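**Student:** Sending over query.pdb (PDB, C-alpha atoms, pLDDT in the B column).
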```pdb
ATOM      1  CA  TRP A1401     132.974  98.426 -77.355  1.00 93.00           C
ATOM      2  CA  SER A1402     129.843  97.080 -75.706  1.00 94.00           C
ATOM      3  CA  ALA A1403     131.999  95.136 -73.241  1.00 95.00           C
ATOM      4  CA  GLY A1404     133.471  98.490 -72.185  1.00 96.00           C
ATOM      5  CA  VAL A1405     129.995  99.899 -71.592  1.00 96.00           C
ATOM      6  CA  VAL A1406     129.051  96.856 -69.531  1.00 96.00           C
ATOM      7  CA  LEU A1407     132.312  96.922 -67.534  1.00 96.00           C
ATOM      8  CA  TYR A1408     131.974 100.661 -66.860  1.00 96.00           C
ATOM      9  CA  THR A1409     128.392 100.144 -65.682  1.00 96.00           C
ATOM     10  CA  MET A1410     129.298  97.167 -63.487  1.00 95.00           C
ATOM     11  CA  LEU A1411     132.141  99.052 -61.813  1.00 95.00           C
ATOM     12  CA  CYS A1412     130.277 102.250 -60.979  1.00 95.00           C
ATOM     13  CA  GLY A1413     126.560 101.514 -61.257  1.00 94.00           C
ATOM     14  CA  TYR A1414     125.650 103.890 -64.084  1.00 93.00           C
ATOM     15  CA  GLN A1415     126.210 104.069 -67.817  1.00 93.00           C
ATOM     16  CA  PRO A1416     129.192 105.905 -69.332  1.00 94.00           C
ATOM     17  CA  PHE A1417     127.244 108.015 -71.814  1.00 90.00           C
ATOM     18  CA  GLN A1418     124.573 110.290 -70.411  1.00 83.00           C
ATOM     19  CA  ALA A1419     122.851 113.248 -71.993  1.00 71.00           C
ATOM     20  CA  GLU A1420     121.618 116.067 -69.794  1.00 68.00           C
ATOM     21  CA  SER A1421     118.058 115.754 -68.536  1.00 61.00           C
ATOM     22  CA  LYS A1422     115.588 118.582 -68.809  1.00 59.00           C
ATOM     23  CA  ILE A1423     112.350 119.029 -66.921  1.00 54.00           C
ATOM     24  CA  SER A1424     109.324 120.381 -68.723  1.00 56.00           C
ATOM     25  CA  HIS A1425     105.715 120.262 -67.575  1.00 56.00           C
ATOM     26  CA  ASN A1426     106.631 117.837 -64.767  1.00 56.00           C
ATOM     27  CA  TYR A1427     108.291 115.374 -67.161  1.00 55.00           C
ATOM     28  CA  THR A1428     111.993 114.556 -67.279  1.00 50.00           C
ATOM     29  CA  TYR A1429     113.436 113.728 -70.678  1.00 54.00           C
ATOM     30  CA  LEU A1430     116.789 113.610 -72.401  1.00 50.00           C
ATOM     31  CA  SER A1431     117.801 116.856 -74.027  1.00 59.00           C
ATOM     32  CA  SER A1432     117.977 114.926 -77.267  1.00 73.00           C
ATOM     33  CA  VAL A1433     118.634 111.430 -78.447  1.00 79.00           C
ATOM     34  CA  ASN A1434     120.914 113.057 -81.000  1.00 81.00           C
ATOM     35  CA  ASP A1435     122.940 114.599 -78.145  1.00 83.00           C
ATOM     36  CA  LEU A1436     123.374 111.152 -76.630  1.00 84.00           C
ATOM     37  CA  ILE A1437     124.411 109.697 -79.979  1.00 87.00           C
ATOM     38  CA  GLU A1438     126.992 112.461 -80.421  1.00 88.00           C
ATOM     39  CA  LEU A1439     128.444 111.741 -76.953  1.00 88.00           C
ATOM     40  CA  ILE A1440     128.761 108.068 -77.859  1.00 90.00           C
ATOM     41  CA  LYS A1441     130.323 108.739 -81.271  1.00 92.00           C
ATOM     42  CA  ALA A1442     132.819 111.168 -79.724  1.00 92.00           C
ATOM     43  CA  GLY A1443     133.586 108.769 -76.870  1.00 92.00           C
ATOM     44  CA  LYS A1444     132.813 111.437 -74.257  1.00 90.00           C
ATOM     45  CA  TYR A1445     132.477 109.876 -70.833  1.00 93.00           C
ATOM     46  CA  GLU A1446     133.944 110.691 -67.437  1.00 93.00           C
ATOM     47  CA  PHE A1447     135.332 108.900 -64.436  1.00 95.00           C
ATOM     48  CA  HIS A1448     133.450 110.881 -61.778  1.00 93.00           C
ATOM     49  CA  PRO A1449     135.294 111.050 -58.438  1.00 94.00           C
ATOM     50  CA  ASP A1450     132.519 109.193 -56.660  1.00 92.00           C
ATOM     51  CA  PRO A1451     132.741 106.199 -57.184  1.00 94.00           C
ATOM     52  CA  TRP A1452     135.757 106.131 -59.542  1.00 95.00           C
ATOM     53  CA  ASP A1453     138.232 107.288 -56.882  1.00 95.00           C
ATOM     54  CA  ASN A1454     137.786 103.842 -55.315  1.00 94.00           C
ATOM     55  CA  ILE A1455     138.368 101.935 -58.561  1.00 95.00           C
ATOM     56  CA  SER A1456     141.893 100.948 -59.563  1.00 93.00           C
ATOM     57  CA  ASP A1457     143.836 102.683 -62.304  1.00 94.00           C
ATOM     58  CA  MET A1458     144.247  99.304 -64.034  1.00 94.00           C
ATOM     59  CA  ALA A1459     140.462  98.853 -64.216  1.00 95.00           C
ATOM     60  CA  LYS A1460     140.080 102.391 -65.608  1.00 97.00           C
ATOM     61  CA  ASP A1461     142.792 101.647 -68.173  1.00 97.00           C
ATOM     62  CA  LEU A1462     140.910  98.592 -69.401  1.00 97.00           C
ATOM     63  CA  VAL A1463     137.680 100.596 -69.654  1.00 97.00           C
ATOM     64  CA  ARG A1464     139.505 103.281 -71.678  1.00 97.00           C
ATOM     65  CA  HIS A1465     140.850 100.665 -74.088  1.00 98.00           C
ATOM     66  CA  LEU A1466     137.444  99.034 -74.505  1.00 98.00           C
ATOM     67  CA  LEU A1467     135.614 102.334 -75.049  1.00 97.00           C
ATOM     68  CA  ASP A1468     138.114 103.585 -77.630  1.00 97.00           C
ATOM     69  CA  VAL A1469     136.070 105.049 -80.498  1.00 95.00           C
ATOM     70  CA  ASN A1470     138.712 104.000 -83.023  1.00 95.00           C
ATOM     71  CA  TYR A1471     137.973 100.391 -83.877  1.00 94.00           C
ATOM     72  CA  LYS A1472     141.571  99.926 -85.083  1.00 96.00           C
ATOM     73  CA  THR A1473     143.049 100.702 -81.663  1.00 97.00           C
ATOM     74  CA  ARG A1474     140.167  99.464 -79.469  1.00 97.00           C
ATOM     75  CA  TYR A1475     141.010  96.291 -77.566  1.00 97.00           C
ATOM     76  CA  SER A1476     139.833  93.029 -79.061  1.00 96.00           C
ATOM     77  CA  PRO A1477     138.350  90.398 -76.722  1.00 94.00           C
ATOM     78  CA  SER A1478     141.684  88.551 -76.561  1.00 93.00           C
ATOM     79  CA  GLN A1479     143.567  91.780 -75.795  1.00 95.00           C
ATOM     80  CA  ALA A1480     141.073  92.539 -73.028  1.00 95.00           C
ATOM     81  CA  LEU A1481     141.589  89.093 -71.507  1.00 91.00           C
ATOM     82  CA  MET A1482     145.356  89.677 -71.509  1.00 91.00           C
ATOM     83  CA  HIS A1483     145.044  93.078 -69.788  1.00 95.00           C
ATOM     84  CA  PRO A1484     146.783  93.083 -66.371  1.00 92.00           C
ATOM     85  CA  TRP A1485     143.565  93.904 -64.503  1.00 92.00           C
ATOM     86  CA  ILE A1486     141.965  90.752 -65.874  1.00 90.00           C
ATOM     87  CA  SER A1487     144.942  88.406 -66.016  1.00 83.00           C
ATOM     88  CA  ASN A1488     146.638  89.361 -62.737  1.00 78.00           C
ATOM     89  CA  VAL A1489     143.688  90.244 -60.567  1.00 69.00           C
ATOM     90  CA  ILE A1490     140.744  88.178 -61.726  1.00 64.00           C
ATOM     91  CA  PHE A1491     142.307  85.014 -63.153  1.00 60.00           C
ATOM     92  CA  SER A1492     144.987  84.607 -60.487  1.00 63.00           C
ATOM     93  CA  GLU A1493     142.362  84.975 -57.774  1.00 60.00           C
ATOM     94  CA  TYR A1494     140.365  82.053 -59.180  1.00 58.00           C
ATOM     95  CA  ASN A1495     143.274  79.996 -60.552  1.00 59.00           C
ATOM     96  CA  ILE A1496     141.948  80.147 -64.099  1.00 55.00           C
ATOM     97  CA  ILE A1497     144.550  79.212 -66.693  1.00 53.00           C
ATOM     98  CA  PHE A1498     144.283  79.848 -70.443  1.00 52.00           C
TER      99      PHE A1498
END
```
For the structure just supplied, provide its representation as structure tokens.

**Tutor:**
Amino acid sequence: WSAGVVLYTMLCGYQPFQAESKISHNYTYLSSVNDLIELIKAGKYEFHPDPWDNISDMAKDLVRHLLDVNYKTRYSPSQALMHPWISNVIFSEYNIIF
């Protein structure tokens, strides 16, 4: 799961799970840490048009599989390495063979 968070962040530049910010007395703070925890537990994240419109569907598919909240269906590390975005795009570009 954490690999999905890292991949999401690397691809777009921000983290997948974000609670709303509120401003009070010139301070910005999260609406609630509990709100953020609930977003994470529910697996609620978005592929915002900017920058995700410029990211391939295969990369988004891998992110979806890595951020799956169900540990039984979430990709394992070996499944992630066999995903077409990794095996066809990354490994073939660098001639890495497993």

**Student:** Which is closest to A:Arg1474 among A:His1448, A:Gly1443, A:Phe1417, A:Cys1412, if we use all atoms listed in the file?

**Tutor:**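 The closest residue to A:Arg1474 is A:Gly1443.
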
**Student:** Nearest residue to A:Asn1488 out of A:Ser1402, A:Met1458, A:Tyr1475, A:Tyr1408, using only C-alpha atoms?

**Tutor:** A:Met1458

**Student:** Can you list what the PyMOL selection byres ((chain A and resi 1403) around 9) grabs from this structure, as a PyMOL selection string?

**Tutor:** chain A and resi 1401-1402+1404-1408+1463+1466-1467+1477

**Student:** When you count only C-alpha atoms, which of these residues is closest to A:Met1482: A:Leu1411, A:Leu1436, A:Leu1462, A:Ile1455?

**Tutor:**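 For A:Met1482, the nearest of the candidates is A:Leu1462.
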
**Student:** Between atom CA of A:Trp1485 and atom CA of A:Asp1453, measure the distance and give it in Å to one decimal.

**Tutor:**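 Answer for the atom CA of A:Trp1485 to atom CA of A:Asp1453 separation: 16.3 Å.
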
**Student:** Pick out the closest residue to A:Glu1438 from this set: A:Thr1409, A:Gln1479, A:Gln1418, A:Ser1487. Count only C-alpha atoms.

**Tutor:** A:Gln1418

**Student:** When you count only C-alpha atoms, which of these residues is closest to A:Ala1459: A:Ala1419, A:Leu1439, A:Leu1481, A:Ile1486?

**Tutor:**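 Residue with the minimum atom-to-atom distance to A:Ala1459: A:Ile1486.
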
**Student:** Please determine, counting only C-alpha atoms, which residue among A:Ser1478, A:Gln1415, A:Asp1468, A:Met1410 has the shortest atom-to-atom distance to A:Ala1442.

**Tutor:** A:Asp1468

**Student:** Kindly give the distance, in Å, that separates atom CA of A:Ile1440 and atom CA of A:Tyr1414, rounded to a single decimal.

**Tutor:**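 Interatomic distance, atom CA of A:Ile1440 to atom CA of A:Tyr1414: 14.7 Å.
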
**Student:** I'd like the interatomic distance between atom CA of A:Ala1480 and atom CA of A:Lys1460, to a tenth of an Å.

**Tutor:**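 For atom CA of A:Ala1480 relative to atom CA of A:Lys1460, the distance reads 12.4 Å.
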